[in-house]
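Q: Sharing protein.cif below, mmCIF, C-alpha atoms:
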```cif
data_model
loop_
_atom_site.label_atom_id
_atom_site.label_comp_id
_atom_site.auth_asym_id
_atom_site.auth_seq_id
_atom_site.Cartn_x
_atom_site.Cartn_y
_atom_site.Cartn_z
CA MET N 1 3.40 -33.00 -9.15
CA PRO N 2 6.54 -31.15 -10.25
CA LEU N 3 9.38 -30.75 -7.81
CA ASN N 4 8.94 -26.99 -7.87
CA ALA N 5 5.30 -25.92 -7.86
CA ARG N 6 6.22 -22.27 -7.41
CA LEU N 7 5.17 -19.96 -10.21
CA HIS N 8 6.55 -17.00 -12.07
CA GLY N 9 4.07 -14.13 -12.40
CA LYS N 10 4.53 -13.93 -16.17
CA THR N 11 1.64 -16.36 -16.70
CA GLY N 12 -0.92 -14.51 -14.58
CA GLN N 13 -4.16 -13.32 -16.12
CA ILE N 14 -7.15 -11.08 -15.44
CA GLN N 15 -10.50 -11.98 -16.96
CA MET N 16 -13.67 -9.93 -16.78
CA ASP N 17 -17.31 -9.86 -17.85
CA PRO N 18 -18.46 -6.22 -17.66
CA ALA N 19 -22.10 -7.38 -17.55
CA GLY N 20 -21.49 -9.43 -14.40
CA GLY N 21 -22.17 -12.75 -16.12
CA THR N 22 -20.11 -15.72 -17.22
CA ALA N 23 -18.88 -14.47 -20.62
CA LEU N 24 -15.37 -13.84 -19.34
CA VAL N 25 -12.73 -12.40 -21.65
CA THR N 26 -9.07 -11.73 -20.91
CA VAL N 27 -8.38 -8.08 -20.17
CA GLY N 28 -5.50 -7.21 -22.48
CA ASP N 29 -2.37 -5.28 -21.59
CA MET N 30 -2.58 -6.05 -17.88
CA ASN N 31 0.52 -7.05 -15.94
CA ALA N 32 -0.40 -7.11 -12.26
CA TRP N 33 -3.09 -8.04 -9.80
CA THR N 34 -3.33 -8.36 -6.04
CA LEU N 35 -5.82 -10.11 -3.80
CA ASP N 36 -6.12 -9.35 -0.08
CA MET N 37 -8.32 -11.64 2.02
CA SER N 38 -7.81 -9.90 5.36
CA THR N 39 -10.29 -11.07 7.98
CA ASP N 40 -12.17 -8.91 10.46
CA ARG N 41 -11.34 -9.68 14.06
CA ALA N 42 -13.42 -8.73 17.07
CA ASP N 43 -11.89 -8.16 20.48
CA VAL N 44 -13.41 -10.64 22.96
CA THR N 45 -11.04 -9.96 25.85
CA GLY N 46 -12.82 -10.60 29.13
CA PHE N 47 -12.24 -9.99 32.81
CA GLY N 48 -9.49 -12.24 34.08
CA ASP N 49 -7.88 -12.91 30.68
CA THR N 50 -4.11 -12.53 30.80
CA ASN N 51 -3.83 -11.28 27.21
CA LYS N 52 -6.07 -9.84 24.51
CA ARG N 53 -8.25 -12.37 22.68
CA ARG N 54 -9.90 -12.07 19.30
CA VAL N 55 -12.28 -14.07 17.13
CA SER N 56 -12.25 -14.06 13.35
CA GLY N 57 -15.11 -12.78 11.26
CA LEU N 58 -15.40 -12.76 7.48
CA PRO N 59 -12.64 -12.24 4.93
CA ASP N 60 -12.78 -8.97 3.00
CA PHE N 61 -11.86 -9.71 -0.62
CA THR N 62 -10.15 -6.61 -2.05
CA GLY N 63 -7.23 -5.89 -4.34
CA THR N 64 -5.70 -4.01 -7.20
CA ILE N 65 -5.15 -4.53 -10.90
CA GLY N 66 -2.70 -2.82 -13.21
CA GLY N 67 -1.33 -2.72 -16.72
CA PHE N 68 -0.54 -0.51 -19.69
CA TRP N 69 -2.72 1.95 -21.59
CA ASN N 70 -3.65 0.66 -25.04
CA ALA N 71 -6.34 2.56 -26.94
CA VAL N 72 -5.59 0.80 -30.24
CA ALA N 73 -6.49 -2.67 -28.94
CA THR N 74 -9.49 -1.11 -27.11
CA SER N 75 -8.53 -2.95 -23.92
CA SER N 76 -8.11 0.28 -21.95
CA PRO N 77 -11.29 2.01 -23.23
CA ALA N 78 -13.28 -1.19 -22.56
CA TYR N 79 -11.96 -1.39 -19.00
CA PHE N 80 -12.80 2.25 -18.29
CA ALA N 81 -16.26 1.84 -19.84
CA ALA N 82 -16.85 -0.90 -17.25
CA VAL N 83 -15.52 1.36 -14.48
CA LEU N 84 -17.78 4.24 -15.49
CA ALA N 85 -20.85 2.01 -15.87
CA GLY N 86 -20.81 1.66 -12.09
CA ASN N 87 -22.11 -1.90 -12.08
CA PRO N 88 -20.36 -4.90 -10.54
CA VAL N 89 -18.35 -6.95 -13.04
CA THR N 90 -17.42 -10.61 -12.87
CA LEU N 91 -13.70 -10.65 -12.16
CA ARG N 92 -11.49 -13.74 -12.41
CA LEU N 93 -7.89 -13.59 -11.20
CA VAL N 94 -5.75 -16.43 -12.55
CA PRO N 95 -2.28 -17.03 -11.05
CA ASN N 96 -1.15 -19.22 -13.97
CA SER N 97 -2.90 -19.17 -17.36
CA ALA N 98 -1.28 -22.54 -18.15
CA ASP N 99 -3.54 -23.99 -15.42
CA PRO N 100 -6.83 -22.07 -15.82
CA THR N 101 -8.63 -24.39 -13.38
CA VAL N 102 -7.04 -22.50 -10.47
CA TYR N 103 -8.51 -19.02 -9.94
CA PHE N 104 -10.27 -16.56 -7.65
CA GLN N 105 -13.61 -15.24 -8.92
CA GLY N 106 -16.63 -13.19 -7.98
CA LEU N 107 -18.58 -10.02 -8.62
CA ALA N 108 -16.44 -6.96 -8.01
CA ASN N 109 -16.84 -3.21 -7.83
CA ILE N 110 -13.97 -1.74 -9.84
CA ASP N 111 -12.23 1.63 -9.90
CA GLY N 112 -9.79 2.94 -12.48
CA SER N 113 -6.84 5.28 -12.77
CA VAL N 114 -4.42 6.39 -15.49
CA ASN N 115 -0.84 7.25 -14.60
CA VAL N 116 1.27 9.33 -16.99
CA GLY N 117 4.86 10.33 -16.32
CA SER N 118 7.53 11.72 -18.62
CA GLY N 119 9.94 8.93 -17.71
CA GLY N 120 7.91 5.84 -18.47
CA ALA N 121 4.97 4.06 -19.98
CA VAL N 122 1.40 5.21 -19.54
CA THR N 123 -0.13 2.78 -17.07
CA VAL N 124 -3.63 1.98 -15.92
CA GLY N 125 -4.77 0.56 -12.65
CA GLY N 126 -7.57 0.29 -10.24
CA LYS N 127 -8.84 -1.01 -6.96
CA TRP N 128 -11.57 -3.58 -6.59
CA ASP N 129 -13.65 -5.05 -3.79
CA ALA N 130 -16.14 -7.89 -3.53
CA ALA N 131 -19.75 -7.19 -4.52
CA SER N 132 -20.87 -10.77 -3.74
CA ASN N 133 -19.46 -14.05 -2.44
CA TRP N 134 -16.15 -15.05 -4.01
CA VAL N 135 -14.93 -18.53 -4.85
CA ILE N 136 -11.47 -20.06 -4.91
CA LYS N 137 -11.06 -22.86 -7.45
CA PRO N 138 -10.39 -25.69 -7.36
#
```
Just dump the structure as structure tokens.
A:
Amino acid sequence: MPLNARLHGKTGQIQMDPAGGTALVTVGDMNAWTLDMSTDRADVTGFGDTNKRRVSGLPDFTGTIGGFWNAVATSSPAYFAAVLAGNPVTLRLVPNSADPTVYFQGLANIDGSVNVGSGGAVTVGGKWDAASNWVIKP
């Protein structure tokens, strides 16, 4: 193992199959993704406890994706076609494309947005949440 196993985000990747299957392709022109695995917690504080107590429930896989608008390469129109179809897509989030065996994957409901400002690039983004069980590989 290398002395420094920390990564730079430049090698991240987003892959998607709009049909919800296993034919994943890299979504072009993307430059950001987030994954939040916050866990539900239920208050189980009882009589006589000296502080609040909680138990953990299930993680809620949610996040965001972002990038740049590109109609020429069709990456942006293809992404928004998947958004508007309203069906869960297979989403794979890869921290380091040089090691594609490490990833987070599952069916996801996706949203989309386009952001246009006079001082910068036209960007695209969206929120996603789990539509089925997710896996963390390896």
Q: Skipping near chain neighbours, those fewer than 2 positions away, what residues fall within 6 Å of Val122 (chain N) using all atoms listed in the file, listed as a list in words?
A: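 Within the cut-off, the hits are Trp69, Asn115 and Val116 of chain N.
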Q: Counting only C-alpha atoms, which of N:Ile136, N:Ile65, N:Ala71, N:Ala19 gets nearest to Gly86 (chain N)?
A: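 Of the candidates, the smallest distance to Gly86 (chain N) is held by N:Ala19.
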Q: What lies within 12 Å of Ala85 (chain N) using all atoms listed in the file, ignoring chain neighbours under 2 positions off, as a PDB file with C-alpha atoms, in the frame of the given file?
A:
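Once written, part_30.pdb looks like this:
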```pdb
ATOM      1  CA  PRO N  18     -18.460  -6.220 -17.660  1.00  0.00           C
ATOM      2  CA  ALA N  19     -22.100  -7.380 -17.550  1.00  0.00           C
ATOM      3  CA  GLY N  20     -21.490  -9.430 -14.400  1.00  0.00           C
ATOM      4  CA  ALA N  78     -13.280  -1.190 -22.560  1.00  0.00           C
ATOM      5  CA  TYR N  79     -11.960  -1.390 -19.000  1.00  0.00           C
ATOM      6  CA  PHE N  80     -12.800   2.250 -18.290  1.00  0.00           C
ATOM      7  CA  ALA N  81     -16.260   1.840 -19.840  1.00  0.00           C
ATOM      8  CA  ALA N  82     -16.850  -0.900 -17.250  1.00  0.00           C
ATOM      9  CA  VAL N  83     -15.520   1.360 -14.480  1.00  0.00           C
ATOM     10  CA  ASN N  87     -22.110  -1.900 -12.080  1.00  0.00           C
ATOM     11  CA  PRO N  88     -20.360  -4.900 -10.540  1.00  0.00           C
ATOM     12  CA  VAL N  89     -18.350  -6.950 -13.040  1.00  0.00           C
ATOM     13  CA  ASN N 109     -16.840  -3.210  -7.830  1.00  0.00           C
ATOM     14  CA  ILE N 110     -13.970  -1.740  -9.840  1.00  0.00           C
ATOM     15  CA  ASP N 111     -12.230   1.630  -9.900  1.00  0.00           C
ATOM     16  CA  GLY N 112      -9.790   2.940 -12.480  1.00  0.00           C
TER      17      GLY N 112
END
```
Q: What's around region 51-64 of chain N at 8 Å? Count all atoms listed in the file, leave out sequence neighbours fewer than 4 positions away in its own chain, and write the answer as a list in words.
A: Ala32, Trp33, Thr34, Leu35, Asp36, Met37, Ser38, Thr39, Asp40, Arg41, Ala42, Asp43, Val44, Thr45, Gly125, Gly126, Lys127, Trp128, Asp129, Ala130 and Trp134 of chain N
Q: When you draw a straight line from CA of Gln15 (chain N) to CA of Thr90 (chain N), how long is it in Å?
A: 8.2 Å
Q: Out of N:Val94, N:Val72, N:Ala5, N:Val124, which residue has the shortest atom-to-atom distance to Thr26 (chain N) when counting all atoms listed in the file?
A: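 Of N:Val94, N:Val72, N:Ala5, N:Val124, the one nearest Thr26 (chain N) is N:Val94, counting all atoms listed in the file.
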Q: Give the centre and edge lengths of an axis-aligned box, in Å to one decimal, that holds all listed atoms of region 90-94 of chain N with 3 Å on each side, as lines of an AutoDock Vina configuration file.
A:
```
center_x = -11.6
center_y = -13.5
center_z = -12.0
size_x = 17.7
size_y = 11.8
size_z = 7.7
```
Q: List the neighbours of Gln105 (chain N) out to 6 Å using all atoms listed in the file; skip same-chain residues closer than 4 positions along the sequence, and give me the result as a VMD selection string.
A: chain N and resid 91 to 92 134 to 135
Q: Give me, please, the distance in Å between CA of Asp29 (chain N) and CA of Ala98 (chain N), quoted to one decimal.
A: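 Value for the CA of Asp29 (chain N)-CA of Ala98 (chain N) distance: 17.6 Å.
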Q: Distance CA of Phe104 (chain N)-CA of Asn133 (chain N), one decimal place?
A: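 One can read the CA of Phe104 (chain N) to CA of Asn133 (chain N) distance as 10.9 Å.
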Q: When distances are computed from only C-alpha atoms, which of N:Met16, N:Met30, N:Leu107, N:Val102 shows the smallest separation from Ser76 (chain N)?
A: N:Met30
Q: Under the rule that all atoms listed in the file are counted, which of N:Asp99, N:Asn31, N:Val114, N:Gly9 is the nearest residue to Pro138 (chain N)?
A: N:Asp99
Q: Which is closer to Ala121 (chain N) than all the others in N:Ser75, N:Leu24, N:Gly67, N:His8, using all atoms listed in the file?
A: N:Gly67
Q: Carefully work through the PyMOL selection byres ((chain N and resi 13) around 7) for this structure and note down the residues it includes, as a ChimeraX atom specification.
A: /N:11-12,14-15,93-97
Q: Could those residues be written to a file, using C-alpha atoms, as a PDB file, in the coordinates of the input?
A:
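Written file, selection_36.pdb:
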```pdb
ATOM      1  CA  THR N  11       1.640 -16.360 -16.700  1.00  0.00           C
ATOM      2  CA  GLY N  12      -0.920 -14.510 -14.580  1.00  0.00           C
ATOM      3  CA  ILE N  14      -7.150 -11.080 -15.440  1.00  0.00           C
ATOM      4  CA  GLN N  15     -10.500 -11.980 -16.960  1.00  0.00           C
ATOM      5  CA  LEU N  93      -7.890 -13.590 -11.200  1.00  0.00           C
ATOM      6  CA  VAL N  94      -5.750 -16.430 -12.550  1.00  0.00           C
ATOM      7  CA  PRO N  95      -2.280 -17.030 -11.050  1.00  0.00           C
ATOM      8  CA  ASN N  96      -1.150 -19.220 -13.970  1.00  0.00           C
ATOM      9  CA  SER N  97      -2.900 -19.170 -17.360  1.00  0.00           C
TER      10      SER N  97
END
```
Q: Complete region 16-27 of chain N at the level of all heavy atoms, written as a PDB file, in the coordinates of the input.
A:
```pdb
ATOM      1  N   MET N  16     -12.567 -10.747 -17.255  1.00  0.00           N
ATOM      2  CA  MET N  16     -13.670  -9.930 -16.780  1.00  0.00           C
ATOM      3  C   MET N  16     -14.879 -10.084 -17.694  1.00  0.00           C
ATOM      4  O   MET N  16     -14.727 -10.248 -18.908  1.00  0.00           O
ATOM      5  CB  MET N  16     -13.235  -8.460 -16.729  1.00  0.00           C
ATOM      6  CG  MET N  16     -14.278  -7.510 -16.198  1.00  0.00           C
ATOM      7  SD  MET N  16     -13.681  -5.803 -16.051  1.00  0.00           S
ATOM      8  CE  MET N  16     -13.613  -5.308 -17.762  1.00  0.00           C
ATOM      9  N   ASP N  17     -16.065 -10.027 -17.110  1.00  0.00           N
ATOM     10  CA  ASP N  17     -17.310  -9.860 -17.850  1.00  0.00           C
ATOM     11  C   ASP N  17     -17.943  -8.590 -17.327  1.00  0.00           C
ATOM     12  O   ASP N  17     -18.445  -8.558 -16.195  1.00  0.00           O
ATOM     13  CB  ASP N  17     -18.259 -11.045 -17.658  1.00  0.00           C
ATOM     14  CG  ASP N  17     -19.577 -10.862 -18.416  1.00  0.00           C
ATOM     15  OD1 ASP N  17     -19.830  -9.765 -18.956  1.00  0.00           O
ATOM     16  OD2 ASP N  17     -20.359 -11.823 -18.464  1.00  0.00           O
ATOM     17  N   PRO N  18     -17.914  -7.495 -18.122  1.00  0.00           N
ATOM     18  CA  PRO N  18     -18.460  -6.220 -17.660  1.00  0.00           C
ATOM     19  C   PRO N  18     -19.937  -6.284 -17.284  1.00  0.00           C
ATOM     20  O   PRO N  18     -20.416  -5.475 -16.496  1.00  0.00           O
ATOM     21  CB  PRO N  18     -18.239  -5.270 -18.836  1.00  0.00           C
ATOM     22  CG  PRO N  18     -17.152  -5.896 -19.636  1.00  0.00           C
ATOM     23  CD  PRO N  18     -17.305  -7.378 -19.446  1.00  0.00           C
ATOM     24  N   ALA N  19     -20.675  -7.253 -17.842  1.00  0.00           N
ATOM     25  CA  ALA N  19     -22.100  -7.380 -17.550  1.00  0.00           C
ATOM     26  C   ALA N  19     -22.367  -8.169 -16.271  1.00  0.00           C
ATOM     27  O   ALA N  19     -23.516  -8.336 -15.873  1.00  0.00           O
ATOM     28  CB  ALA N  19     -22.803  -8.049 -18.727  1.00  0.00           C
ATOM     29  N   GLY N  20     -21.318  -8.682 -15.633  1.00  0.00           N
ATOM     30  CA  GLY N  20     -21.490  -9.430 -14.400  1.00  0.00           C
ATOM     31  C   GLY N  20     -21.900 -10.868 -14.603  1.00  0.00           C
ATOM     32  O   GLY N  20     -22.316 -11.536 -13.663  1.00  0.00           O
ATOM     33  N   GLY N  21     -21.771 -11.373 -15.820  1.00  0.00           N
ATOM     34  CA  GLY N  21     -22.170 -12.750 -16.120  1.00  0.00           C
ATOM     35  C   GLY N  21     -21.000 -13.687 -16.210  1.00  0.00           C
ATOM     36  O   GLY N  21     -19.983 -13.513 -15.535  1.00  0.00           O
ATOM     37  N   THR N  22     -21.130 -14.678 -17.094  1.00  0.00           N
ATOM     38  CA  THR N  22     -20.110 -15.720 -17.220  1.00  0.00           C
ATOM     39  C   THR N  22     -19.360 -15.658 -18.539  1.00  0.00           C
ATOM     40  O   THR N  22     -18.579 -16.546 -18.847  1.00  0.00           O
ATOM     41  CB  THR N  22     -20.753 -17.111 -17.072  1.00  0.00           C
ATOM     42  OG1 THR N  22     -21.756 -17.265 -18.083  1.00  0.00           O
ATOM     43  CG2 THR N  22     -21.368 -17.292 -15.697  1.00  0.00           C
ATOM     44  N   ALA N  23     -19.579 -14.615 -19.344  1.00  0.00           N
ATOM     45  CA  ALA N  23     -18.880 -14.470 -20.620  1.00  0.00           C
ATOM     46  C   ALA N  23     -17.552 -13.757 -20.393  1.00  0.00           C
ATOM     47  O   ALA N  23     -17.352 -12.620 -20.817  1.00  0.00           O
ATOM     48  CB  ALA N  23     -19.751 -13.709 -21.620  1.00  0.00           C
ATOM     49  N   LEU N  24     -16.646 -14.449 -19.718  1.00  0.00           N
ATOM     50  CA  LEU N  24     -15.370 -13.840 -19.340  1.00  0.00           C
ATOM     51  C   LEU N  24     -14.427 -13.736 -20.535  1.00  0.00           C
ATOM     52  O   LEU N  24     -14.315 -14.671 -21.329  1.00  0.00           O
ATOM     53  CB  LEU N  24     -14.701 -14.678 -18.250  1.00  0.00           C
ATOM     54  CG  LEU N  24     -15.452 -14.701 -16.923  1.00  0.00           C
ATOM     55  CD1 LEU N  24     -14.994 -15.860 -16.071  1.00  0.00           C
ATOM     56  CD2 LEU N  24     -15.249 -13.397 -16.190  1.00  0.00           C
ATOM     57  N   VAL N  25     -13.762 -12.591 -20.641  1.00  0.00           N
ATOM     58  CA  VAL N  25     -12.730 -12.400 -21.650  1.00  0.00           C
ATOM     59  C   VAL N  25     -11.482 -11.877 -20.938  1.00  0.00           C
ATOM     60  O   VAL N  25     -11.562 -11.217 -19.900  1.00  0.00           O
ATOM     61  CB  VAL N  25     -13.153 -11.409 -22.763  1.00  0.00           C
ATOM     62  CG1 VAL N  25     -14.317 -11.961 -23.553  1.00  0.00           C
ATOM     63  CG2 VAL N  25     -13.494 -10.053 -22.190  1.00  0.00           C
ATOM     64  N   THR N  26     -10.328 -12.203 -21.484  1.00  0.00           N
ATOM     65  CA  THR N  26      -9.070 -11.730 -20.910  1.00  0.00           C
ATOM     66  C   THR N  26      -8.943 -10.240 -21.129  1.00  0.00           C
ATOM     67  O   THR N  26      -9.160  -9.739 -22.235  1.00  0.00           O
ATOM     68  CB  THR N  26      -7.886 -12.467 -21.554  1.00  0.00           C
ATOM     69  OG1 THR N  26      -8.038 -13.869 -21.302  1.00  0.00           O
ATOM     70  CG2 THR N  26      -6.569 -11.992 -20.992  1.00  0.00           C
ATOM     71  N   VAL N  27      -8.611  -9.520 -20.071  1.00  0.00           N
ATOM     72  CA  VAL N  27      -8.380  -8.080 -20.170  1.00  0.00           C
ATOM     73  C   VAL N  27      -6.954  -7.899 -20.668  1.00  0.00           C
ATOM     74  O   VAL N  27      -5.998  -8.270 -19.989  1.00  0.00           O
ATOM     75  CB  VAL N  27      -8.584  -7.384 -18.807  1.00  0.00           C
ATOM     76  CG1 VAL N  27      -8.381  -5.883 -18.943  1.00  0.00           C
ATOM     77  CG2 VAL N  27      -9.965  -7.698 -18.243  1.00  0.00           C
TER      78      VAL N  27
END
```
